[in-house]
$ cat protein_34.txt   # compact mmCIF, C-alpha atoms
# COMPACT_ATOMS: atom_id res chain seq x y z
CA MET S 1 92.34 108.98 128.26
CA ARG S 2 95.99 107.94 128.36
CA ILE S 3 98.80 110.50 128.37
CA THR S 4 102.25 110.86 126.79
CA SER S 5 104.75 113.72 126.97
CA ALA S 6 106.40 115.88 124.34
CA SER S 7 109.68 115.09 126.11
CA VAL S 8 109.94 111.92 123.99
CA VAL S 9 111.17 114.09 121.10
CA GLY S 10 114.89 113.56 120.60
CA ARG S 11 115.03 110.00 121.94
CA GLU S 12 117.33 107.86 119.76
CA VAL S 13 118.33 104.25 119.18
CA GLY S 14 121.04 102.51 117.20
CA PRO S 15 122.78 102.03 115.05
CA GLU S 16 121.94 98.34 115.18
CA LYS S 17 122.98 95.81 112.54
CA GLN S 18 120.45 93.98 110.37
CA ARG S 19 121.59 91.25 107.98
CA ILE S 20 119.63 91.20 104.73
CA ASP S 21 119.67 87.91 102.83
CA ALA S 22 118.04 86.70 99.63
CA ARG S 23 115.60 84.53 101.56
CA TRP S 24 114.14 87.55 103.38
CA LEU S 25 113.93 89.64 100.19
CA MET S 26 112.15 86.82 98.34
CA ALA S 27 109.79 86.04 101.22
CA TYR S 28 108.62 89.64 101.38
CA SER S 29 107.84 89.74 97.68
CA ALA S 30 106.10 86.37 97.90
CA ALA S 31 103.88 87.66 100.72
CA LEU S 32 102.69 90.35 98.32
CA GLY S 33 101.97 87.84 95.57
CA GLU S 34 104.69 89.24 93.32
CA THR S 35 105.39 87.23 90.16
CA ASP S 36 108.17 89.36 88.63
CA ALA S 37 111.18 87.06 88.26
CA ARG S 38 113.54 89.83 89.35
CA TYR S 39 112.28 89.46 92.92
CA TYR S 40 113.49 85.84 92.98
CA ASP S 41 116.55 85.77 90.72
CA THR S 42 119.37 84.55 92.96
CA ALA S 43 121.70 84.29 89.95
CA ALA S 44 121.50 87.96 88.98
CA GLY S 45 120.81 89.20 92.51
CA VAL S 46 117.41 89.36 94.14
CA ALA S 47 115.70 92.73 93.72
CA ALA S 48 114.14 94.38 96.76
CA HIS S 49 110.51 95.46 96.66
CA PRO S 50 110.32 99.26 97.20
CA LEU S 51 108.61 98.75 100.59
CA PHE S 52 111.11 96.16 101.86
CA PRO S 53 112.83 98.77 104.10
CA VAL S 54 109.90 98.49 106.55
CA CYS S 55 111.21 95.01 107.36
CA TYR S 56 114.67 95.98 108.54
CA GLU S 57 113.34 99.13 110.25
CA TRP S 58 110.90 97.17 112.43
CA PRO S 59 113.36 96.19 115.23
CA ALA S 60 114.44 99.84 115.51
CA THR S 61 110.76 100.86 115.65
CA ARG S 62 110.20 98.60 118.64
CA ALA S 63 113.43 99.65 120.35
CA LEU S 64 112.63 103.34 119.94
CA ARG S 65 109.14 102.93 121.39
CA GLU S 66 110.63 101.15 124.39
CA ARG S 67 113.36 103.78 124.82
CA ALA S 68 110.73 106.55 124.77
CA GLY S 69 108.42 104.77 127.21
CA LEU S 70 105.73 104.40 124.55
CA ALA S 71 105.57 100.59 124.57
CA PRO S 72 102.64 100.48 127.05
CA LEU S 73 100.62 102.43 124.47
CA ASP S 74 101.18 99.87 121.71
CA PRO S 75 97.52 98.74 121.61
CA GLN S 76 96.54 102.34 120.76
CA LEU S 77 99.01 102.61 117.87
CA VAL S 78 97.97 102.81 114.21
CA HIS S 79 100.10 103.77 111.23
CA ALA S 80 99.18 107.31 110.14
CA GLN S 81 101.64 108.38 107.42
CA HIS S 82 104.67 106.99 105.62
CA ASP S 83 107.44 108.80 103.77
CA LEU S 84 110.21 106.55 102.43
CA THR S 85 113.21 107.82 100.47
CA ILE S 86 115.36 105.23 98.70
CA HIS S 87 118.85 106.65 98.21
CA ARG S 88 120.13 103.33 96.83
CA ALA S 89 118.27 100.05 96.52
CA PRO S 90 118.88 97.77 99.52
CA THR S 91 120.57 94.48 98.71
CA THR S 92 122.00 91.50 100.53
CA GLY S 93 124.50 92.29 103.25
CA VAL S 94 124.60 94.13 106.55
CA LEU S 95 122.83 97.43 107.17
CA ARG S 96 123.08 99.64 110.24
CA ILE S 97 119.74 101.08 111.31
CA SER S 98 119.33 104.08 113.61
CA GLY S 99 116.25 106.03 114.57
CA LYS S 100 114.99 109.01 116.52
CA ILE S 101 111.73 110.71 117.40
CA VAL S 102 111.67 114.01 115.51
CA ALA S 103 108.16 115.35 116.23
CA VAL S 104 105.00 114.96 118.30
CA MET S 105 101.69 116.68 117.61
CA GLN S 106 98.25 116.60 119.19
CA ARG S 107 95.52 115.58 116.77
CA LEU S 108 91.82 115.21 117.42
CA PRO S 109 91.94 111.37 117.44
CA GLY S 110 95.09 111.25 119.59
CA ALA S 111 98.84 111.93 119.71
CA LEU S 112 100.84 111.81 116.46
CA VAL S 113 104.48 110.71 116.83
CA VAL S 114 107.00 110.84 113.98
CA PHE S 115 109.88 108.35 114.01
CA ARG S 116 112.74 108.91 111.55
CA PHE S 117 114.91 105.96 110.54
CA PHE S 118 118.22 105.86 108.68
CA ALA S 119 119.85 102.82 107.09
CA HIS S 120 123.54 102.85 106.16
CA ASP S 121 125.49 100.12 104.38
CA ALA S 122 128.90 98.67 105.24
CA ARG S 123 130.61 101.61 103.47
CA ASP S 124 128.57 104.04 105.58
CA GLN S 125 126.55 105.15 102.57
CA LEU S 126 122.94 106.12 103.19
CA VAL S 127 120.55 103.50 101.80
CA THR S 128 117.10 104.62 102.98
CA THR S 129 115.47 107.29 105.13
CA THR S 130 111.93 106.93 106.47
CA ASP S 131 109.53 109.15 108.36
CA PHE S 132 107.23 106.64 110.04
CA SER S 133 104.31 108.53 111.59
CA VAL S 134 101.99 106.80 114.04
CA LEU S 135 98.82 107.88 115.80
CA TYR S 136 98.21 106.83 119.38
CA ARG S 137 94.42 106.72 119.52
CA ASP S 138 92.78 108.49 122.47
CA VAL S 139 96.14 109.56 123.88
CA LYS S 140 96.66 113.12 125.15
CA LEU S 141 99.94 114.92 124.53
CA VAL S 142 101.33 116.89 127.47
CA GLY S 143 103.78 119.69 126.74
CA GLY S 144 102.41 120.82 123.39
CA ASP S 145 103.53 120.12 119.84
CA ARG S 146 107.27 119.80 119.44
CA ALA S 147 109.65 119.09 116.53
CA THR S 148 113.41 119.01 116.08
CA GLU S 149 113.27 118.40 112.33
CA LYS S 150 111.01 119.47 109.49
CA VAL S 151 108.24 116.98 108.82
CA GLU S 152 106.29 117.12 105.55
CA ASP S 153 102.73 115.98 104.95
CA PRO S 154 102.10 114.33 101.57
CA PRO S 155 100.36 116.82 99.27
CA PRO S 156 96.87 116.15 97.84
CA GLN S 157 96.49 115.09 94.23
CA ARG S 158 95.55 117.77 91.75
CA LYS S 159 93.36 115.76 89.38
CA ALA S 160 90.95 112.83 89.25
CA LEU S 161 92.48 109.35 89.51
CA PRO S 162 91.18 106.60 87.21
CA LYS S 163 90.94 102.99 88.34
CA VAL S 164 94.05 100.93 87.58
CA GLY S 165 93.47 97.66 89.43
CA GLU S 166 92.02 95.67 92.28
CA ILE S 167 93.54 93.95 95.31
CA ALA S 168 92.00 90.87 96.92
CA VAL S 169 93.05 90.78 100.58
CA ALA S 170 92.77 87.22 101.90
CA ALA S 171 91.60 86.34 105.40
CA THR S 172 95.15 85.09 106.11
CA ALA S 173 96.98 88.03 104.53
CA ALA S 174 98.24 89.51 107.81
CA HIS S 175 99.56 86.16 109.07
CA ILE S 176 101.54 85.59 105.88
CA TYR S 177 102.83 89.16 105.78
CA THR S 178 103.82 89.01 109.45
CA GLU S 179 106.02 85.95 109.01
CA CYS S 180 107.55 86.96 105.66
CA ALA S 181 108.24 90.57 106.63
CA ARG S 182 109.30 89.54 110.16
CA ILE S 183 107.07 92.27 111.55
CA TRP S 184 105.30 90.94 114.65
CA ASN S 185 102.51 93.15 115.95
CA PRO S 186 99.60 91.22 117.54
CA ILE S 187 97.02 93.79 116.45
CA HIS S 188 97.27 92.18 113.01
CA THR S 189 97.08 88.50 113.92
CA ASP S 190 95.67 88.10 117.45
CA VAL S 191 91.89 88.55 117.59
CA ALA S 192 91.79 88.75 121.41
CA TYR S 193 94.49 91.43 121.41
CA ALA S 194 92.67 93.41 118.70
CA HIS S 195 89.42 93.26 120.68
CA ALA S 196 91.20 94.43 123.82
CA ALA S 197 92.57 97.37 121.81
CA GLY S 198 89.02 98.40 120.93
CA LEU S 199 88.94 97.04 117.38
CA PRO S 200 86.26 94.77 115.90
CA GLY S 201 88.96 92.34 114.77
CA THR S 202 92.46 92.08 113.33
CA ILE S 203 93.48 94.52 110.62
CA LEU S 204 95.99 94.36 107.78
CA HIS S 205 99.32 96.09 108.32
CA GLY S 206 99.39 99.58 106.87
CA THR S 207 102.71 98.76 105.23
CA ALA S 208 101.14 95.70 103.60
CA THR S 209 98.29 97.78 102.19
CA LEU S 210 100.83 100.31 100.94
CA ALA S 211 103.12 97.68 99.42
CA LEU S 212 100.23 95.98 97.62
CA SER S 213 99.06 99.35 96.30
CA VAL S 214 102.54 100.30 95.10
CA SER S 215 102.85 96.95 93.31
CA LYS S 216 99.53 97.47 91.55
CA VAL S 217 100.46 101.00 90.41
CA LEU S 218 103.90 99.95 89.14
CA GLU S 219 102.31 97.07 87.24
CA ALA S 220 99.64 99.31 85.71
CA PHE S 221 102.17 101.82 84.40
CA GLY S 222 104.93 99.36 83.52
CA ILE S 223 107.39 100.93 85.96
CA LYS S 224 110.40 99.01 87.28
CA ALA S 225 110.66 98.78 91.06
CA SER S 226 114.33 99.73 90.81
CA SER S 227 113.37 103.18 89.51
CA VAL S 228 111.36 104.12 92.63
CA ARG S 229 113.09 106.76 94.74
CA ARG S 230 110.34 107.87 97.10
CA VAL S 231 106.97 106.59 98.37
CA ARG S 232 104.63 108.78 100.40
CA CYS S 233 101.08 108.38 101.67
CA ARG S 234 98.54 108.97 104.40
CA PHE S 235 96.59 106.06 105.90
CA ALA S 236 92.90 106.96 106.12
CA GLU S 237 91.04 103.80 107.17
CA MET S 238 91.83 100.36 108.56
CA VAL S 239 91.60 97.29 106.33
CA PRO S 240 89.79 94.25 107.78
CA MET S 241 90.32 90.76 106.37
CA PRO S 242 89.16 89.47 104.01
CA SER S 243 88.64 92.59 101.95
CA ALA S 244 88.53 93.86 98.37
CA LEU S 245 90.41 97.06 97.57
CA THR S 246 90.50 99.19 94.43
CA VAL S 247 93.50 101.26 93.36
CA PHE S 248 93.22 104.53 91.44
CA ALA S 249 96.24 106.27 89.92
CA SER S 250 97.52 108.69 87.31
CA THR S 251 100.69 110.46 86.29
CA GLU S 252 101.34 113.94 87.64
CA GLY S 253 104.47 115.35 86.09
CA THR S 254 107.24 112.82 86.72
CA SER S 255 105.39 111.24 89.65
CA LEU S 256 102.59 108.73 90.03
CA ALA S 257 99.67 109.77 92.24
CA PHE S 258 97.47 107.06 93.73
CA GLU S 259 94.67 106.31 96.15
CA THR S 260 93.35 102.98 97.44
CA ARG S 261 89.69 102.57 98.42
CA ASN S 262 87.59 99.97 100.20
CA PRO S 263 84.29 98.49 98.88
CA ARG S 264 82.37 101.44 100.37
CA GLY S 265 84.41 103.84 98.27
CA GLU S 266 86.29 105.19 101.29
CA ALA S 267 90.00 105.88 100.94
CA VAL S 268 92.18 103.53 103.00
CA ILE S 269 95.29 105.15 101.51
CA GLU S 270 95.13 108.75 100.35
CA ARG S 271 97.65 111.27 99.07
CA GLY S 272 99.74 108.42 97.73
CA TRP S 273 102.82 109.29 95.66
CA ILE S 274 105.47 107.23 93.89
CA ILE S 275 108.43 109.31 92.76
CA GLY S 276 111.12 108.05 90.40

$ encode --input "protein_34.txt" --output "structure tokens"
Amino acid sequence: MRITSASVVGREVGPEKQRIDARWLMAYSAALGETDARYYDTAAGVAAHPLFPVCYEWPATRALRERAGLAPLDPQLVHAQHDLTIHRAPTTGVLRISGKIVAVMQRLPGALVVFRFFAHDARDQLVTTTDFSVLYRDVKLVGGDRATEKVEDPPPQRKALPKVGEIAVAATAAHIYTECARIWNPIHTDVAYAHAAGLPGTILHGTATLALSVSKVLEAFGIKASSVRRVRCRFAEMVPMPSALTVFASTEGTSLAFETRNPRGEAVIERGWIIG
């Protein structure tokens, strides 16, 4: 069993600049199969998909893992939870991204590490905040659980969720998503690397599964992407490729609750929430 230390809490990176252009915004939406013209309207201004922030956060994710000495554990890493708050919709221009490790916790499958990322625009206004929680499989935490900030788990849904749509995940989905999102992690596209990490094959990015699910829920309820202010979920199972997923959702108060399941009926995303 590999080991990491609770001393990684408090490590920081940034701010680093990321230039967002229309080409990147459009490519991300295209990777998800989006057909809404607002995602490609360069005359009116290209709209950002609600999950686009994962794209500009990725370099900070890598830098923070390297700063904390976690990079050697990359093959053990899987996305565990995601909590994105959209303070204002990202648009073309320069953003400054900073990040820090705010918590570590020992879980039965391994060590859970919570990265928190902040994106500010050129006027220093907060654009997005994300708690990006990852599980390092079979890794032991030395030093006990530690947190410098409050970290919230997504709450369970309170009622049954009816089916609202299906997602066909192509065999090439991870390759397309990788290039369009500019998120390069070999566990998603390199079979040899995935095997060496103890997986039966490559798996779809958790953020891709989440983005596809969010798109399906918004479509089912006729909700504009620009109205989304928060997206939360827990990742429950990996998604091989090709695969067929089913999305279940309902309204709960002013929020949309959702869950995405694989052909065996197992949740791959649970405790999903879209808040406007």

$ closest_residue --input "protein_34.txt" --among "S:Ile20, S:Ile167, S:Ile176, S:Ile187" --to "Cys55 of chain S" --atoms "all atoms listed in the file"
S:Ile20

$ closest_residue --input "protein_34.txt" --among "S:Ala89, S:Leu135, S:Asp83, S:Ile97" --to "Pro109 of chain S" --atoms "all atoms listed in the file"
S:Leu135

$ residues_near_point --input "protein_34.txt" --point "(108.6, 88.5, 108.3)" --cutoff "9 Å" --atoms "all atoms listed in the file" --output "tab-separated table (two decimals) with C-alpha atoms, in the coordinates of the input"
chain	number	residue	atom	x	y	z
S	24	TRP	CA	114.14	87.55	103.38
S	27	ALA	CA	109.79	86.04	101.22
S	28	TYR	CA	108.62	89.64	101.38
S	31	ALA	CA	103.88	87.66	100.72
S	55	CYS	CA	111.21	95.01	107.36
S	176	ILE	CA	101.54	85.59	105.88
S	177	TYR	CA	102.83	89.16	105.78
S	178	THR	CA	103.82	89.01	109.45
S	179	GLU	CA	106.02	85.95	109.01
S	180	CYS	CA	107.55	86.96	105.66
S	181	ALA	CA	108.24	90.57	106.63
S	182	ARG	CA	109.30	89.54	110.16
S	183	ILE	CA	107.07	92.27	111.55
S	184	TRP	CA	105.30	90.94	114.65

$ closest_residue --input "protein_34.txt" --among "S:Lys100, S:His79, S:Thr189, S:Asp121" --to "Met238 of chain S" --atoms "only C-alpha atoms"
S:His79

$ atom_distance --input "protein_34.txt" --atom1 "atom CA of Thr260 of chain S" --atom2 "atom CA of Thr85 of chain S"
20.7 Å

$ atom_distance --input "protein_34.txt" --atom1 "atom CA of Arg264 of chain S" --atom2 "atom CA of Ala168 of chain S"
14.7 Å

$ closest_residue --input "protein_34.txt" --among "S:Ala249, S:Leu70, S:Val231, S:Val151" --to "Val164 of chain S" --atoms "only C-alpha atoms"
S:Ala249

$ atom_distance --input "protein_34.txt" --atom1 "atom CA of Glu57 of chain S" --atom2 "atom CA of Phe248 of chain S"
28.1 Å

$ closest_residue --input "protein_34.txt" --among "S:Ala211, S:Ala60, S:Leu112, S:Ile223" --to "Val247 of chain S" --atoms "all atoms listed in the file"
S:Ala211

$ closest_residue --input "protein_34.txt" --among "S:Arg23, S:His82, S:Ile274, S:Lys163" --to "Lys224 of chain S" --atoms "all atoms listed in the file"
S:Ile274

$ residues_around --input "protein_34.txt" --residues "Tyr56 of chain S" --least-positions-apart "2" --cutoff "12 Å" --atoms "all atoms listed in the file" --output "PyMOL selection string"
chain S and resi 16-21+24-25+28+48+51-54+58-62+90-99+117-120+127-130+180-183

$ decode --input "protein_34.txt" --residues "segment 12-136 of chain S" --atoms "C-alpha atoms" --output "PDB file, in the first residue's frame"
ATOM      1  CA  GLU S  12      -1.202  26.237  -2.831  1.00  0.00           C
ATOM      2  CA  VAL S  13      -0.557  27.175  -6.446  1.00  0.00           C
ATOM      3  CA  GLY S  14      -1.259  30.205  -8.597  1.00  0.00           C
ATOM      4  CA  PRO S  15      -2.690  32.407  -9.587  1.00  0.00           C
ATOM      5  CA  GLU S  16      -1.835  31.376 -13.132  1.00  0.00           C
ATOM      6  CA  LYS S  17      -3.370  32.917 -16.247  1.00  0.00           C
ATOM      7  CA  GLN S  18      -5.573  30.938 -18.627  1.00  0.00           C
ATOM      8  CA  ARG S  19      -6.796  32.506 -21.863  1.00  0.00           C
ATOM      9  CA  ILE S  20     -10.317  31.431 -22.805  1.00  0.00           C
ATOM     10  CA  ASP S  21     -11.227  31.784 -26.472  1.00  0.00           C
ATOM     11  CA  ALA S  22     -14.309  30.957 -28.515  1.00  0.00           C
ATOM     12  CA  ARG S  23     -12.580  28.004 -30.149  1.00  0.00           C
ATOM     13  CA  TRP S  24     -12.046  26.286 -26.778  1.00  0.00           C
ATOM     14  CA  LEU S  25     -15.604  26.986 -25.608  1.00  0.00           C
ATOM     15  CA  MET S  26     -17.055  25.599 -28.847  1.00  0.00           C
ATOM     16  CA  ALA S  27     -14.785  22.551 -28.892  1.00  0.00           C
ATOM     17  CA  TYR S  28     -15.858  21.561 -25.391  1.00  0.00           C
ATOM     18  CA  SER S  29     -19.536  21.750 -26.278  1.00  0.00           C
ATOM     19  CA  ALA S  30     -18.909  19.845 -29.506  1.00  0.00           C
ATOM     20  CA  ALA S  31     -17.186  17.053 -27.566  1.00  0.00           C
ATOM     21  CA  LEU S  32     -20.423  16.641 -25.619  1.00  0.00           C
ATOM     22  CA  GLY S  33     -22.519  16.508 -28.780  1.00  0.00           C
ATOM     23  CA  GLU S  34     -24.276  19.779 -27.963  1.00  0.00           C
ATOM     24  CA  THR S  35     -26.521  21.154 -30.721  1.00  0.00           C
ATOM     25  CA  ASP S  36     -27.778  24.327 -29.009  1.00  0.00           C
ATOM     26  CA  ALA S  37     -26.761  27.217 -31.278  1.00  0.00           C
ATOM     27  CA  ARG S  38     -25.857  29.359 -28.270  1.00  0.00           C
ATOM     28  CA  TYR S  39     -22.760  27.230 -27.712  1.00  0.00           C
ATOM     29  CA  TYR S  40     -21.451  28.193 -31.172  1.00  0.00           C
ATOM     30  CA  ASP S  41     -22.752  31.722 -31.768  1.00  0.00           C
ATOM     31  CA  THR S  42     -19.635  33.824 -32.308  1.00  0.00           C
ATOM     32  CA  ALA S  43     -21.769  36.820 -33.304  1.00  0.00           C
ATOM     33  CA  ALA S  44     -23.673  37.051 -30.021  1.00  0.00           C
ATOM     34  CA  GLY S  45     -20.876  35.559 -27.914  1.00  0.00           C
ATOM     35  CA  VAL S  46     -20.277  31.866 -27.399  1.00  0.00           C
ATOM     36  CA  ALA S  47     -21.976  30.486 -24.286  1.00  0.00           C
ATOM     37  CA  ALA S  48     -19.970  28.300 -21.924  1.00  0.00           C
ATOM     38  CA  HIS S  49     -21.270  24.868 -20.980  1.00  0.00           C
ATOM     39  CA  PRO S  50     -21.804  24.734 -17.178  1.00  0.00           C
ATOM     40  CA  LEU S  51     -18.951  22.199 -16.816  1.00  0.00           C
ATOM     41  CA  PHE S  52     -16.453  24.166 -18.931  1.00  0.00           C
ATOM     42  CA  PRO S  53     -14.600  25.393 -15.794  1.00  0.00           C
ATOM     43  CA  VAL S  54     -13.002  21.929 -15.478  1.00  0.00           C
ATOM     44  CA  CYS S  55     -11.017  22.816 -18.599  1.00  0.00           C
ATOM     45  CA  TYR S  56      -9.274  25.913 -17.284  1.00  0.00           C
ATOM     46  CA  GLU S  57      -8.840  24.348 -13.827  1.00  0.00           C
ATOM     47  CA  TRP S  58      -6.924  21.342 -15.187  1.00  0.00           C
ATOM     48  CA  PRO S  59      -3.440  22.970 -15.353  1.00  0.00           C
ATOM     49  CA  ALA S  60      -3.839  24.116 -11.736  1.00  0.00           C
ATOM     50  CA  THR S  61      -4.913  20.584 -10.789  1.00  0.00           C
ATOM     51  CA  ARG S  62      -1.692  19.172 -12.200  1.00  0.00           C
ATOM     52  CA  ALA S  63       0.459  21.911 -10.668  1.00  0.00           C
ATOM     53  CA  LEU S  64      -1.078  21.427  -7.235  1.00  0.00           C
ATOM     54  CA  ARG S  65      -0.520  17.664  -7.317  1.00  0.00           C
ATOM     55  CA  GLU S  66       3.111  18.259  -8.219  1.00  0.00           C
ATOM     56  CA  ARG S  67       3.538  20.920  -5.516  1.00  0.00           C
ATOM     57  CA  ALA S  68       2.107  18.534  -2.905  1.00  0.00           C
ATOM     58  CA  GLY S  69       4.243  15.593  -4.030  1.00  0.00           C
ATOM     59  CA  LEU S  70       1.165  13.653  -5.135  1.00  0.00           C
ATOM     60  CA  ALA S  71       2.131  13.299  -8.812  1.00  0.00           C
ATOM     61  CA  PRO S  72       3.712   9.833  -8.322  1.00  0.00           C
ATOM     62  CA  LEU S  73       0.290   8.633  -7.147  1.00  0.00           C
ATOM     63  CA  ASP S  74      -1.474   9.746 -10.336  1.00  0.00           C
ATOM     64  CA  PRO S  75      -2.219   6.171 -11.521  1.00  0.00           C
ATOM     65  CA  GLN S  76      -4.190   5.619  -8.292  1.00  0.00           C
ATOM     66  CA  LEU S  77      -6.319   8.751  -8.737  1.00  0.00           C
ATOM     67  CA  VAL S  78     -10.043   8.677  -9.525  1.00  0.00           C
ATOM     68  CA  HIS S  79     -12.519  11.538  -9.337  1.00  0.00           C
ATOM     69  CA  ALA S  80     -14.686  11.107  -6.228  1.00  0.00           C
ATOM     70  CA  GLN S  81     -16.864  14.223  -5.855  1.00  0.00           C
ATOM     71  CA  HIS S  82     -17.399  17.535  -7.615  1.00  0.00           C
ATOM     72  CA  ASP S  83     -18.880  20.770  -6.304  1.00  0.00           C
ATOM     73  CA  LEU S  84     -18.837  23.669  -8.768  1.00  0.00           C
ATOM     74  CA  THR S  85     -20.218  27.125  -8.000  1.00  0.00           C
ATOM     75  CA  ILE S  86     -20.651  29.521 -10.927  1.00  0.00           C
ATOM     76  CA  HIS S  87     -20.573  33.095  -9.623  1.00  0.00           C
ATOM     77  CA  ARG S  88     -20.681  34.510 -13.160  1.00  0.00           C
ATOM     78  CA  ALA S  89     -20.596  32.631 -16.438  1.00  0.00           C
ATOM     79  CA  PRO S  90     -17.055  32.351 -17.846  1.00  0.00           C
ATOM     80  CA  THR S  91     -16.530  34.017 -21.194  1.00  0.00           C
ATOM     81  CA  THR S  92     -13.692  34.792 -23.574  1.00  0.00           C
ATOM     82  CA  GLY S  93     -10.725  36.568 -22.049  1.00  0.00           C
ATOM     83  CA  VAL S  94      -8.100  35.918 -19.403  1.00  0.00           C
ATOM     84  CA  LEU S  95      -8.831  34.217 -16.095  1.00  0.00           C
ATOM     85  CA  ARG S  96      -6.481  33.795 -13.150  1.00  0.00           C
ATOM     86  CA  ILE S  97      -6.705  30.368 -11.540  1.00  0.00           C
ATOM     87  CA  SER S  98      -5.448  29.537  -8.059  1.00  0.00           C
ATOM     88  CA  GLY S  99      -5.842  26.416  -5.975  1.00  0.00           C
ATOM     89  CA  LYS S 100      -5.119  24.856  -2.619  1.00  0.00           C
ATOM     90  CA  ILE S 101      -5.576  21.569  -0.804  1.00  0.00           C
ATOM     91  CA  VAL S 102      -8.209  22.152   1.878  1.00  0.00           C
ATOM     92  CA  ALA S 103      -8.783  18.645   3.295  1.00  0.00           C
ATOM     93  CA  VAL S 104      -7.564  15.053   3.404  1.00  0.00           C
ATOM     94  CA  MET S 105      -9.503  12.106   4.822  1.00  0.00           C
ATOM     95  CA  GLN S 106      -8.891   8.384   5.095  1.00  0.00           C
ATOM     96  CA  ARG S 107     -11.580   6.309   3.420  1.00  0.00           C
ATOM     97  CA  LEU S 108     -11.833   2.549   3.168  1.00  0.00           C
ATOM     98  CA  PRO S 109     -10.792   2.468  -0.530  1.00  0.00           C
ATOM     99  CA  GLY S 110      -7.948   4.957  -0.024  1.00  0.00           C
ATOM    100  CA  ALA S 111      -7.053   8.589   0.730  1.00  0.00           C
ATOM    101  CA  LEU S 112      -9.532  11.337  -0.197  1.00  0.00           C
ATOM    102  CA  VAL S 113      -7.969  14.701  -1.089  1.00  0.00           C
ATOM    103  CA  VAL S 114     -10.012  17.868  -1.669  1.00  0.00           C
ATOM    104  CA  PHE S 115      -8.601  20.517  -4.009  1.00  0.00           C
ATOM    105  CA  ARG S 116     -10.306  23.926  -4.059  1.00  0.00           C
ATOM    106  CA  PHE S 117      -9.927  26.139  -7.126  1.00  0.00           C
ATOM    107  CA  PHE S 118     -10.781  29.801  -7.649  1.00  0.00           C
ATOM    108  CA  ALA S 119     -11.060  31.620 -10.974  1.00  0.00           C
ATOM    109  CA  HIS S 120     -10.985  35.428 -11.118  1.00  0.00           C
ATOM    110  CA  ASP S 121     -11.436  37.621 -14.175  1.00  0.00           C
ATOM    111  CA  ALA S 122      -9.391  40.632 -15.285  1.00  0.00           C
ATOM    112  CA  ARG S 123     -11.358  42.881 -12.889  1.00  0.00           C
ATOM    113  CA  ASP S 124     -10.541  40.491 -10.021  1.00  0.00           C
ATOM    114  CA  GLN S 125     -14.153  39.362  -9.779  1.00  0.00           C
ATOM    115  CA  LEU S 126     -14.753  35.758  -8.746  1.00  0.00           C
ATOM    116  CA  VAL S 127     -15.983  33.669 -11.682  1.00  0.00           C
ATOM    117  CA  THR S 128     -16.064  30.093 -10.360  1.00  0.00           C
ATOM    118  CA  THR S 129     -15.162  28.113  -7.249  1.00  0.00           C
ATOM    119  CA  THR S 130     -14.733  24.333  -7.317  1.00  0.00           C
ATOM    120  CA  ASP S 131     -14.161  21.648  -4.725  1.00  0.00           C
ATOM    121  CA  PHE S 132     -12.537  18.874  -6.748  1.00  0.00           C
ATOM    122  CA  SER S 133     -12.334  15.752  -4.568  1.00  0.00           C
ATOM    123  CA  VAL S 134     -10.198  12.809  -5.647  1.00  0.00           C
ATOM    124  CA  LEU S 135      -9.655   9.358  -4.198  1.00  0.00           C
ATOM    125  CA  TYR S 136      -6.202   7.808  -4.282  1.00  0.00           C
TER     126      TYR S 136
END
